[in-house]
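Visitor: Structure supplied as my_file_11.txt; contents: compact mmCIF, C-alpha atoms and all ligand atoms.
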# COMPACT_ATOMS: atom_id res chain seq x y z
CA MET A 965 0.00 0.00 0.00
CA ILE A 966 1.13 3.54 -0.77
CA ASN A 967 1.44 5.73 2.32
CA PHE A 968 0.29 9.17 1.16
CA GLU A 969 0.78 10.64 4.58
CA GLU A 970 4.45 9.67 4.58
CA ILE A 971 4.95 11.27 1.15
CA LYS A 972 3.22 14.45 2.29
CA ASN A 973 5.32 14.60 5.47
CA GLN A 974 8.49 14.12 3.47
CA PHE A 975 7.41 16.91 1.10
CA ASP A 976 6.66 19.23 4.01
CA LYS A 977 10.12 18.57 5.41
CA ASP A 978 11.80 19.06 2.02
CA ILE A 979 10.02 22.32 1.25
CA LYS A 980 10.88 23.73 4.64
CA GLU A 981 14.58 23.10 4.13
CA THR A 982 14.96 23.87 0.45
CA LYS A 983 16.63 26.97 -0.93
CA GLU A 984 16.40 25.70 -4.54
CA ILE A 985 12.76 25.48 -5.47
CA GLU A 986 13.44 24.20 -9.01
CA LYS A 987 15.16 21.06 -7.66
CA LEU A 988 12.24 20.35 -5.37
CA GLU A 989 9.80 20.90 -8.23
CA ILE A 990 11.66 18.34 -10.39
CA LYS A 991 11.79 15.89 -7.47
CA TYR A 992 8.02 15.96 -6.97
CA LEU A 993 6.47 17.20 -10.20
CA GLY A 994 9.14 16.28 -12.82
CA ARG A 995 8.74 13.57 -15.48
CA ASN A 996 10.36 11.00 -13.23
CA GLY A 997 9.19 12.70 -10.08
CA VAL A 998 7.21 11.35 -7.10
CA ILE A 999 3.77 12.25 -8.50
CA ASN A 1000 4.39 10.69 -11.93
CA ASP A 1001 5.70 7.53 -10.22
CA LEU A 1002 2.46 7.37 -8.22
CA LEU A 1003 0.45 7.80 -11.43
CA LYS A 1004 2.44 5.06 -13.14
CA LYS A 1005 1.66 2.73 -10.22
CA ILE A 1006 -2.08 2.99 -10.94
CA LYS A 1007 -1.73 -0.14 -13.11
CA GLU A 1008 -0.94 -2.15 -10.00
CA ILE A 1009 -3.93 -0.85 -8.04
CA PRO A 1010 -6.96 -3.12 -7.83
CA GLN A 1011 -9.80 -1.95 -10.08
CA GLU A 1012 -12.21 -0.95 -7.28
CA GLN A 1013 -9.56 1.25 -5.60
CA LYS A 1014 -8.29 2.95 -8.79
CA LYS A 1015 -10.76 5.85 -8.53
CA SER A 1016 -9.99 6.82 -4.92
CA TYR A 1017 -6.26 6.23 -5.54
CA GLY A 1018 -6.34 8.54 -8.56
CA GLN A 1019 -8.21 11.19 -6.53
CA LYS A 1020 -5.64 11.04 -3.72
CA VAL A 1021 -2.73 11.41 -6.18
CA ASN A 1022 -4.44 14.42 -7.77
CA GLU A 1023 -5.12 16.04 -4.40
CA LEU A 1024 -1.50 15.53 -3.43
CA LYS A 1025 -0.31 16.98 -6.78
CA THR A 1026 -2.54 20.09 -6.44
CA SER A 1027 -1.40 20.67 -2.88
CA ILE A 1028 2.32 20.23 -3.79
CA LYS A 1029 1.95 22.58 -6.79
CA ARG A 1030 0.31 25.25 -4.66
CA LEU A 1031 2.87 25.00 -1.86
CA ILE A 1032 5.74 25.14 -4.36
CA GLU A 1033 4.31 28.37 -5.87
CA VAL A 1034 4.00 29.93 -2.40
CA LYS A 1035 7.59 28.97 -1.57
CA ARG A 1036 8.84 30.23 -4.94
CA LYS A 1037 7.37 33.67 -4.22
CA GLU A 1038 8.76 33.65 -0.73
CA LEU A 1039 12.28 32.87 -1.96
CA ALA A 1040 12.08 35.47 -4.75
CA GLY A 1041 11.01 38.09 -2.21
CA LYS A 1042 13.89 37.17 0.09
CA LYS A 1043 16.31 37.32 -2.81
CA SER A 1044 15.36 40.88 -3.68
CA GLU A 1045 15.55 41.84 -0.03
CA VAL A 1046 19.02 40.41 0.37
CA PHE A 1047 20.37 41.54 -2.96
CA PHE A 1048 21.09 45.24 -3.01
CA ASP A 1049 22.97 46.72 -5.93
CA LYS A 1050 25.01 49.59 -4.59
CA THR A 1051 26.07 50.64 -8.07
CA LEU A 1052 22.57 51.56 -9.23
CA PRO A 1053 22.07 55.33 -9.51
CA GLY A 1054 20.10 56.69 -6.53
CA LYS A 1055 16.78 58.46 -6.62
CA SER A 1056 17.28 62.19 -6.78
CA TYR A 1057 15.03 64.41 -4.75
CA PRO A 1058 14.15 67.95 -5.88
CA LYS A 1059 16.67 70.38 -4.42
CA GLY A 1060 15.99 73.95 -3.38
CA SER A 1061 18.40 76.80 -4.02
CA LEU A 1062 19.30 80.09 -2.44
CA HIS A 1063 17.36 83.21 -3.36
CA PRO A 1064 19.01 85.14 -6.25
CA ILE A 1065 19.49 88.16 -3.97
CA THR A 1066 21.32 85.96 -1.44
CA TYR A 1067 23.75 84.93 -4.21
CA THR A 1068 24.16 88.59 -5.23
CA ILE A 1069 24.86 89.66 -1.65
CA GLU A 1070 27.50 86.94 -1.27
CA GLU A 1071 29.16 88.08 -4.49
CA ILE A 1072 29.17 91.73 -3.37
CA ALA A 1073 30.50 90.88 0.10
CA ASN A 1074 33.35 88.83 -1.44
CA ILE A 1075 34.38 91.67 -3.74
CA PHE A 1076 34.67 94.11 -0.81
CA GLN A 1077 36.22 91.64 1.61
CA LYS A 1078 39.11 91.21 -0.86
CA ILE A 1079 40.10 94.84 -0.34
CA GLY A 1080 39.80 94.73 3.45
CA PHE A 1081 36.22 95.81 4.08
CA VAL A 1082 34.63 94.23 7.17
CA ARG A 1083 31.13 92.89 6.61
CA VAL A 1084 28.58 93.91 9.22
CA SER A 1085 24.80 93.89 9.50
CA TYR A 1086 23.15 96.61 11.58
CA PRO A 1087 19.59 96.56 13.01
CA GLU A 1088 16.54 96.51 10.81
CA VAL A 1089 14.50 97.94 13.67
CA GLU A 1090 16.27 101.13 14.57
CA TRP A 1091 16.05 104.30 16.67
CA GLU A 1092 15.14 107.47 14.78
CA TYR A 1093 18.39 108.92 16.11
CA PHE A 1094 20.62 106.54 14.13
CA ALA A 1095 18.37 106.58 11.07
CA PHE A 1096 18.18 110.40 10.83
CA GLU A 1097 19.59 112.67 13.56
CA ALA A 1098 23.07 111.19 13.63
CA LEU A 1099 23.07 111.49 9.82
CA ASN A 1100 22.54 115.25 9.97
CA MET A 1101 18.87 115.02 8.94
CA PRO A 1102 16.80 117.68 10.73
CA LYS A 1103 13.44 116.90 12.38
CA ASP A 1104 11.49 118.40 9.45
CA HIS A 1105 13.34 116.47 6.72
CA PRO A 1106 10.78 114.97 4.27
CA ALA A 1107 12.31 111.47 4.62
CA ARG A 1108 11.15 111.50 8.25
CA ASP A 1109 7.54 111.81 7.23
CA ASP A 1110 5.44 108.70 7.73
CA PHE A 1111 4.80 108.60 3.98
CA GLU A 1112 8.47 107.70 3.61
CA THR A 1113 9.27 105.67 6.73
CA PHE A 1114 7.56 102.91 8.74
CA PHE A 1115 7.18 103.97 12.37
CA ILE A 1116 6.78 101.40 15.15
CA ASN A 1117 4.17 102.03 17.79
CA TYR A 1118 6.46 102.12 20.83
CA PRO A 1119 7.10 104.70 23.59
CA LYS A 1120 9.50 107.45 22.52
CA ASP A 1121 13.00 107.51 24.02
CA LYS A 1122 14.23 110.88 25.32
CA LYS A 1123 17.53 110.74 23.45
CA TYR A 1124 16.89 108.34 20.56
CA GLY A 1125 13.28 109.27 19.69
CA LYS A 1126 10.83 106.88 18.03
CA ILE A 1127 11.51 103.41 16.66
CA VAL A 1128 11.43 102.93 12.87
CA LEU A 1129 12.08 100.15 10.40
CA SER A 1130 15.46 101.28 9.13
CA PRO A 1131 14.82 103.10 5.80
CA HIS A 1132 18.47 102.77 4.70
CA THR A 1133 21.75 101.14 5.70
CA SER A 1134 23.27 104.57 6.34
CA SER A 1135 21.94 104.14 9.91
CA GLY A 1136 24.84 101.71 10.40
CA GLN A 1137 27.46 104.44 9.82
CA THR A 1138 27.27 105.97 13.30
CA ARG A 1139 26.95 102.55 14.92
CA GLU A 1140 30.13 101.37 13.17
CA MET A 1141 32.06 104.54 14.14
CA LYS A 1142 31.02 104.00 17.76
CA ARG A 1143 31.98 100.32 17.61
CA VAL A 1144 35.44 100.86 16.08
CA LYS A 1145 36.07 104.09 18.06
CA GLU A 1146 39.36 104.93 16.34
CA PRO A 1147 39.77 104.84 12.51
CA PRO A 1148 40.73 103.25 10.14
CA ILE A 1149 37.20 102.10 9.32
CA ARG A 1150 36.36 100.02 6.28
CA MET A 1151 32.78 98.81 6.63
CA ILE A 1152 30.41 97.06 4.26
CA ASN A 1153 27.00 96.97 5.94
CA ILE A 1154 24.54 94.71 4.14
CA ALA A 1155 21.06 94.69 5.64
CA LYS A 1156 17.33 94.85 4.96
CA CYS A 1157 15.65 98.23 4.66
CA TYR A 1158 11.98 99.24 4.58
CA ARG A 1159 9.98 102.00 2.90
CA PRO A 1160 6.27 102.22 2.10
CA ASN A 1161 6.55 101.93 -1.70
CA TRP A 1162 5.36 99.31 -4.20
CA ASP A 1163 5.89 99.75 -7.97
CA ILE A 1164 8.10 98.36 -10.75
CA THR A 1165 11.26 99.83 -9.20
CA HIS A 1166 10.33 99.73 -5.48
CA VAL A 1167 9.35 97.11 -2.92
CA PRO A 1168 8.61 97.82 0.78
CA MET A 1169 11.39 95.48 1.91
CA PHE A 1170 14.68 95.54 0.07
CA PHE A 1171 18.40 95.34 0.74
CA GLN A 1172 21.13 97.94 0.66
CA PHE A 1173 24.87 97.73 1.02
CA GLU A 1174 26.58 100.64 2.61
CA GLY A 1175 30.30 101.28 2.29
CA LEU A 1176 32.07 103.48 4.81
CA CYS A 1177 35.75 104.35 4.78
CA VAL A 1178 37.27 106.69 7.37
CA ASP A 1179 40.97 107.39 7.87
CA HIS A 1180 43.56 110.19 7.65
CA ASN A 1181 43.53 112.07 4.33
CA ILE A 1182 40.72 110.12 2.66
CA ASN A 1183 39.48 111.94 -0.44
CA ILE A 1184 37.22 111.58 -3.49
CA THR A 1185 39.84 109.73 -5.54
CA HIS A 1186 39.71 106.86 -3.02
CA LEU A 1187 35.92 106.87 -3.30
CA LYS A 1188 35.96 106.81 -7.08
CA GLY A 1189 38.67 104.15 -7.18
CA THR A 1190 36.71 101.85 -4.84
CA ILE A 1191 33.43 102.20 -6.72
CA ASN A 1192 35.26 101.65 -10.00
CA TYR A 1193 36.86 98.49 -8.56
CA PHE A 1194 33.44 97.20 -7.50
CA VAL A 1195 31.73 98.00 -10.81
CA LYS A 1196 34.45 96.29 -12.90
CA ASN A 1197 34.38 93.19 -10.70
CA PHE A 1198 30.63 92.95 -10.52
CA PHE A 1199 29.50 94.11 -13.98
CA GLY A 1200 32.58 93.52 -16.14
CA LYS A 1201 35.84 95.19 -17.16
CA ASP A 1202 34.32 97.24 -19.97
CA ARG A 1203 31.89 99.15 -17.71
CA GLU A 1204 32.65 102.75 -16.68
CA ILE A 1205 31.34 104.92 -13.85
CA ARG A 1206 30.72 108.63 -13.43
CA LEU A 1207 29.88 110.75 -10.38
CA ARG A 1208 27.10 113.29 -10.83
CA PRO A 1209 26.63 116.08 -8.25
CA CYS A 1210 23.58 115.60 -6.05
CA HIS A 1211 22.42 116.34 -2.50
CA PHE A 1212 22.34 114.18 0.63
CA GLN A 1213 22.28 115.51 4.18
CA PHE A 1214 24.97 113.14 5.39
CA THR A 1215 27.61 113.77 2.73
CA GLU A 1216 29.31 116.92 1.46
CA PRO A 1217 29.95 116.99 -1.45
CA SER A 1218 27.37 114.41 -2.54
CA PHE A 1219 27.04 112.49 -5.79
CA GLU A 1220 24.98 109.97 -7.61
CA VAL A 1221 26.89 107.12 -9.21
CA ASP A 1222 26.03 106.13 -12.79
CA VAL A 1223 27.33 103.07 -14.59
CA SER A 1224 27.70 102.90 -18.37
CA CYS A 1225 24.90 100.97 -20.08
CA LYS A 1226 25.86 97.59 -21.48
CA VAL A 1227 23.04 97.53 -24.04
CA CYS A 1228 24.14 100.61 -26.02
CA GLY A 1229 27.80 100.54 -24.93
CA GLY A 1230 27.38 103.85 -23.10
CA LYS A 1231 26.41 105.76 -26.26
CA GLY A 1232 22.74 106.28 -25.44
CA LEU A 1233 21.93 105.33 -29.03
CA LEU A 1234 21.14 101.95 -30.53
CA ASN A 1235 20.61 101.72 -34.32
CA ASN A 1236 20.31 105.52 -34.42
CA LYS A 1237 17.49 105.45 -31.85
CA LYS A 1238 17.52 106.34 -28.15
CA CYS A 1239 18.56 103.30 -26.07
CA LYS A 1240 15.36 101.99 -24.41
CA VAL A 1241 17.15 100.74 -21.31
CA CYS A 1242 19.11 103.82 -20.25
CA LYS A 1243 17.98 106.61 -22.60
CA SER A 1244 21.31 108.42 -22.05
CA GLY A 1245 24.16 105.88 -22.03
CA TRP A 1246 24.22 105.83 -18.20
CA LEU A 1247 22.23 103.99 -15.52
CA GLU A 1248 21.77 105.40 -12.03
CA LEU A 1249 23.22 103.07 -9.40
CA ALA A 1250 23.85 104.61 -5.99
CA GLY A 1251 24.23 107.61 -3.71
CA THR A 1252 27.62 108.59 -2.34
CA GLY A 1253 29.83 111.38 -1.08
CA MET A 1254 32.34 112.56 1.50
CA VAL A 1255 31.03 111.97 5.04
CA HIS A 1256 29.65 115.22 6.52
CA PRO A 1257 31.68 116.50 9.52
CA ASN A 1258 28.51 116.40 11.68
CA VAL A 1259 28.15 112.67 10.97
CA LEU A 1260 31.77 112.03 12.00
CA LYS A 1261 31.13 114.01 15.18
CA ALA A 1262 27.99 111.99 15.96
CA GLY A 1263 30.13 108.86 15.66
CA GLY A 1264 32.71 110.31 18.08
CA ILE A 1265 35.34 110.96 15.39
CA ASP A 1266 37.23 114.25 15.10
CA PRO A 1267 36.59 115.72 11.60
CA ASN A 1268 39.78 117.81 11.88
CA GLN A 1269 41.87 114.67 12.05
CA TYR A 1270 39.91 112.29 9.89
CA SER A 1271 37.88 112.30 6.70
CA GLY A 1272 35.83 109.62 5.02
CA TRP A 1273 33.49 108.64 2.25
CA ALA A 1274 30.30 106.58 2.17
CA PHE A 1275 28.04 105.06 -0.43
CA GLY A 1276 24.71 103.23 -0.49
CA PHE A 1277 23.75 100.77 -3.26
CA GLY A 1278 20.78 98.47 -3.79
CA PRO A 1279 21.85 94.88 -4.53
CA GLU A 1280 18.50 94.23 -6.28
CA ARG A 1281 19.16 97.07 -8.72
CA CYS A 1282 22.75 95.91 -9.24
CA MET A 1283 21.57 92.39 -9.98
CA MET A 1284 18.90 93.61 -12.40
CA MET A 1285 21.51 95.65 -14.26
CA LYS A 1286 23.80 92.70 -14.87
CA GLU A 1287 24.05 92.14 -18.58
CA GLU A 1288 22.61 88.61 -18.56
CA MET A 1289 19.56 89.63 -16.49
CA LYS A 1290 16.35 90.62 -18.19
CA ILE A 1291 14.27 91.61 -15.17
CA ASP A 1292 12.11 94.65 -15.77
CA ASP A 1293 10.05 94.61 -12.55
CA ILE A 1294 11.76 94.40 -9.13
CA ARG A 1295 8.61 92.87 -7.54
CA ILE A 1296 9.25 89.52 -9.24
CA LEU A 1297 12.18 89.04 -6.82
CA TYR A 1298 9.92 88.97 -3.78
CA ASN A 1299 6.51 87.66 -4.86
CA GLY A 1300 7.59 84.05 -4.27
CA ASP A 1301 6.87 82.78 -7.82
CA ILE A 1302 8.66 79.43 -7.91
CA ARG A 1303 8.84 79.45 -11.75
CA PHE A 1304 11.10 82.47 -11.51
CA LEU A 1305 13.08 81.47 -8.41
CA GLU A 1306 13.91 77.92 -9.54
CA GLN A 1307 15.97 79.31 -12.43
CA PHE A 1308 18.75 80.28 -10.00
N1 LIG A 1401 20.99 106.36 2.19
C1 LIG A 1401 20.76 106.78 0.83
C2 LIG A 1401 19.43 106.25 0.35
O1 LIG A 1401 18.96 105.29 0.88
C3 LIG A 1401 21.86 106.32 -0.09
C4 LIG A 1401 23.17 106.97 0.23
C5 LIG A 1401 23.46 108.19 -0.33
C6 LIG A 1401 24.07 106.37 1.06
C7 LIG A 1401 24.67 108.82 -0.07
C8 LIG A 1401 25.30 106.98 1.37
C9 LIG A 1401 25.57 108.20 0.77
O2 LIG A 1401 26.19 106.45 2.16
O3 LIG A 1401 26.76 108.78 1.04
O4 LIG A 1401 18.90 106.76 -0.59
Have the structure of the file written as structure tokens, please.

Guide:
Amino acid sequence: MINFEEIKNQFDKDIKETKEIEKLEIKYLGRNGVINDLLKKIKEIPQEQKKSYGQKVNELKTSIKRLIEVKRKELAGKKSEVFFDKTLPGKSYPKGSLHPITYTIEEIANIFQKIGFVRVSYPEVEWEYFAFEALNMPKDHPARDDFETFFINYPKDKKYGKIVLSPHTSSGQTREMKRVKEPPIRMINIAKCYRPNWDITHVPMFFQFEGLCVDHNINITHLKGTINYFVKNFFGKDREIRLRPCHFQFTEPSFEVDVSCKVCGGKGLLNNKKCKVCKSGWLELAGTGMVHPNVLKAGGIDPNQYSGWAFGFGPERCMMMKEEMKIDDIRILYNGDIRFLEQF
């Protein structure tokens, strides 16, 4: 008599131990395998038992087939778990990038650090005194109107006045003089500034970088040389600057700095027509001048011994004037449009 139970037990043992499912499959289901042998033996089975014998063999075959398929899947799963190909390229996740103005500020800071300027960052929330008074701006100066400056609702200080959101980085001049105490001073103050304006050339929050140089015998040639150095390094060797007389309370004499236009090569004309970008061959860049003696005094520096110059630029404007940039509205820098920002 055939002992089906014994065969099934043997199979259960084999399948538990096997790591090679194909071998097991051949052993039980192959042409000369256990099941086929059982089928061949049907000849020897007495007629009346043939039917139930055949049924038992079929049941055993179905069960073995099913268990082999389960085991095959199990082993395949284990294989892929164990096998890990380190050489396959990894999945790349979307990366963010720095804001274009952050890159611009880093570039500007590097240019000035190379010639010994110390990078500082003075308060964005500032006393009126440092923002105006110390810069020789009288109480009735139009910039001190609340159309031009954000005032913070906070009790007034007897000496320093109200609190404002700093409208320019010039507020850092007096703070730097007080910090260093004795010249030489070479400061590059890069910080956020605030003014209530919103149009294609103005945003209420923007950056400025303020240069301040104070030492013995500092004059306009040093100022012009430094701005020229910056412009050539930032915009390119073929760009020129010019100083145009202007008025600021905190400098005397005062100038506006223009840089030659890249589009028309500084001619103001393109194909015999007025250049659309600059209209005159020059683009306005910054305010500058020789530090007013009253400002030096406010910083505790003797104007009879020392002189200095200062300038204030907008990094946004500088970036927009780079030759490869085609940005005609400053607001795009700060409205958070990812389609614009992801290009940097
Ligand atoms: N503070 C001025 C502004 O925001 C810019 C400026 C002009 C800065 C002349 C200076 C300067 O240091 O000397 O418009």

Visitor: Would you mind listing what lies within 9 Å of A:Glu1146 as a PyMOL selection string, with all atoms listed in the file counted and same-chain residues fewer than 6 positions away left out?

Guide: chain A and resi 1179+1264-1265

Visitor: Would you write out those residues with C-alpha atoms, as a short mmCIF file (atom, residue, chain, number, x, y, z; two decimals), keeping the file's coordinate frame?

Guide:
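Listing of selection.cif after writing:
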data_model
loop_
_atom_site.label_atom_id
_atom_site.label_comp_id
_atom_site.auth_asym_id
_atom_site.auth_seq_id
_atom_site.Cartn_x
_atom_site.Cartn_y
_atom_site.Cartn_z
CA ASP A 1179 40.97 107.39 7.87
CA GLY A 1264 32.71 110.31 18.08
CA ILE A 1265 35.34 110.96 15.39
#

Visitor: Would you give me, as a tab-separated table, each residue of chain A having an atom within 7 Å of an atom of ligand LIG 1401 (chain A), along with its shortest atom pair and that distance in Å to one decimal, using all atoms listed in the file and sorting by chain and residue number?

Guide:
residue	atom	partner	partner_atom	distance
A:Pro1131	CA	A:LIG1401	O1	6.8
A:His1132	CA	A:LIG1401	O1	4.6
A:Thr1133	CA	A:LIG1401	N1	6.3
A:Ser1134	CA	A:LIG1401	N1	5.1
A:Glu1174	CA	A:LIG1401	O2	5.8
A:Gly1175	CA	A:LIG1401	O2	6.6
A:Phe1212	CA	A:LIG1401	C7	5.9
A:Phe1214	CA	A:LIG1401	O3	6.4
A:Thr1215	CA	A:LIG1401	O3	5.3
A:Ser1218	CA	A:LIG1401	C7	6.7
A:Ala1250	CA	A:LIG1401	C3	6.5
A:Gly1251	CA	A:LIG1401	C5	3.5
A:Thr1252	CA	A:LIG1401	O3	3.5
A:Gly1253	CA	A:LIG1401	O3	4.5
A:Met1254	CA	A:LIG1401	O3	6.8
A:Val1255	CA	A:LIG1401	O3	6.7
A:Trp1273	CA	A:LIG1401	O3	6.8
A:Ala1274	CA	A:LIG1401	O2	4.1
A:Phe1275	CA	A:LIG1401	O2	3.5
A:Gly1276	CA	A:LIG1401	C6	3.6
A:Phe1277	CA	A:LIG1401	C3	6.7

Visitor: Compare A:Phe1170, A:Tyr1158, A:Tyr1067, A:Phe1111 by their minimum atom-to-atom distance to A:Val1089, counting all atoms listed in the file, and give me the closest one.

Guide: A:Tyr1158

Visitor: Can you measure atom CA of A:Val1223 to atom CA of A:Thr1185 for me? One decimal in Å is fine.

Guide: 16.8 Å

Visitor: Residues at most 12 Å from stretch 1017-1019 of chain A, counting all atoms listed in the file, excluding those fewer than 4 positions away in the same chain, as a VMD selection string?

Guide: chain A and resid 965 to 968 999 to 1000 1002 to 1013 1023 to 1026

Visitor: Would you kindly return, as a PyMOL selection string, each protein, DNA or RNA residue with an atom no farther than 8 Å from any atom of A:Pro1279, considering all atoms listed in the file and excluding same-chain residues fewer than 3 positions away?

Guide: chain A and resi 1065+1068-1069+1171-1173+1282-1283

Visitor: Counting only C-alpha atoms, which of A:Glu1097, A:Asp1049, A:Asp1293, A:Glu989 gets nearest to A:Thr1165?

Guide: A:Asp1293

Visitor: Atom CA of A:Met1169 and atom CA of A:Ser1135, how far apart in Å?

Guide: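 Atom-to-atom, atom CA of A:Ser1135 to atom CA of A:Met1169, that is 15.8 Å.
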
Visitor: Separation of atom CA of A:Glu986 and atom CA of A:Ile1028, in Å?

Guide: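 Here the two named atoms are 12.9 Å from each other.
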
Visitor: As JSON, please: the centre and edge lengths in Å, to one decimal, of an axis-aligned box enclosing every listed atom of stretch 1257-1276 of chain A with 4 Å added on each side.

Guide:
{"center_x": 33.3, "center_y": 110.5, "center_z": 8.8, "size_x": 25.2, "size_y": 22.6, "size_z": 26.6}

Visitor: For A:Trp1091, list every protein, DNA or RNA residue within 10 Å, evaluated using all atoms listed in the file, and leave out those in the same chain fewer than 2 positions away; present the list as a ChimeraX atom specification.

Guide: /A:1087-1089,1093-1097,1115-1116,1120-1121,1123-1130,1135

Visitor: Keeping only C-alpha atoms, write the selected residues as a PDB file, in the coordinates of the input.

Guide:
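Final output, saved to selection-v3.pdb:
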ATOM      1  CA  PRO A1087      19.590  96.560  13.010  1.00  0.00           C
ATOM      2  CA  GLU A1088      16.540  96.510  10.810  1.00  0.00           C
ATOM      3  CA  VAL A1089      14.500  97.940  13.670  1.00  0.00           C
ATOM      4  CA  TYR A1093      18.390 108.920  16.110  1.00  0.00           C
ATOM      5  CA  PHE A1094      20.620 106.540  14.130  1.00  0.00           C
ATOM      6  CA  ALA A1095      18.370 106.580  11.070  1.00  0.00           C
ATOM      7  CA  PHE A1096      18.180 110.400  10.830  1.00  0.00           C
ATOM      8  CA  GLU A1097      19.590 112.670  13.560  1.00  0.00           C
ATOM      9  CA  PHE A1115       7.180 103.970  12.370  1.00  0.00           C
ATOM     10  CA  ILE A1116       6.780 101.400  15.150  1.00  0.00           C
ATOM     11  CA  LYS A1120       9.500 107.450  22.520  1.00  0.00           C
ATOM     12  CA  ASP A1121      13.000 107.510  24.020  1.00  0.00           C
ATOM     13  CA  LYS A1123      17.530 110.740  23.450  1.00  0.00           C
ATOM     14  CA  TYR A1124      16.890 108.340  20.560  1.00  0.00           C
ATOM     15  CA  GLY A1125      13.280 109.270  19.690  1.00  0.00           C
ATOM     16  CA  LYS A1126      10.830 106.880  18.030  1.00  0.00           C
ATOM     17  CA  ILE A1127      11.510 103.410  16.660  1.00  0.00           C
ATOM     18  CA  VAL A1128      11.430 102.930  12.870  1.00  0.00           C
ATOM     19  CA  LEU A1129      12.080 100.150  10.400  1.00  0.00           C
ATOM     20  CA  SER A1130      15.460 101.280   9.130  1.00  0.00           C
ATOM     21  CA  SER A1135      21.940 104.140   9.910  1.00  0.00           C
TER      22      SER A1135
END

Visitor: I need the residue nearest A:Glu1204 from this list: A:Val1241, A:Leu1247, A:Ile1184, A:Met1151. Use all atoms listed in the file for the distance.

Guide: A:Leu1247
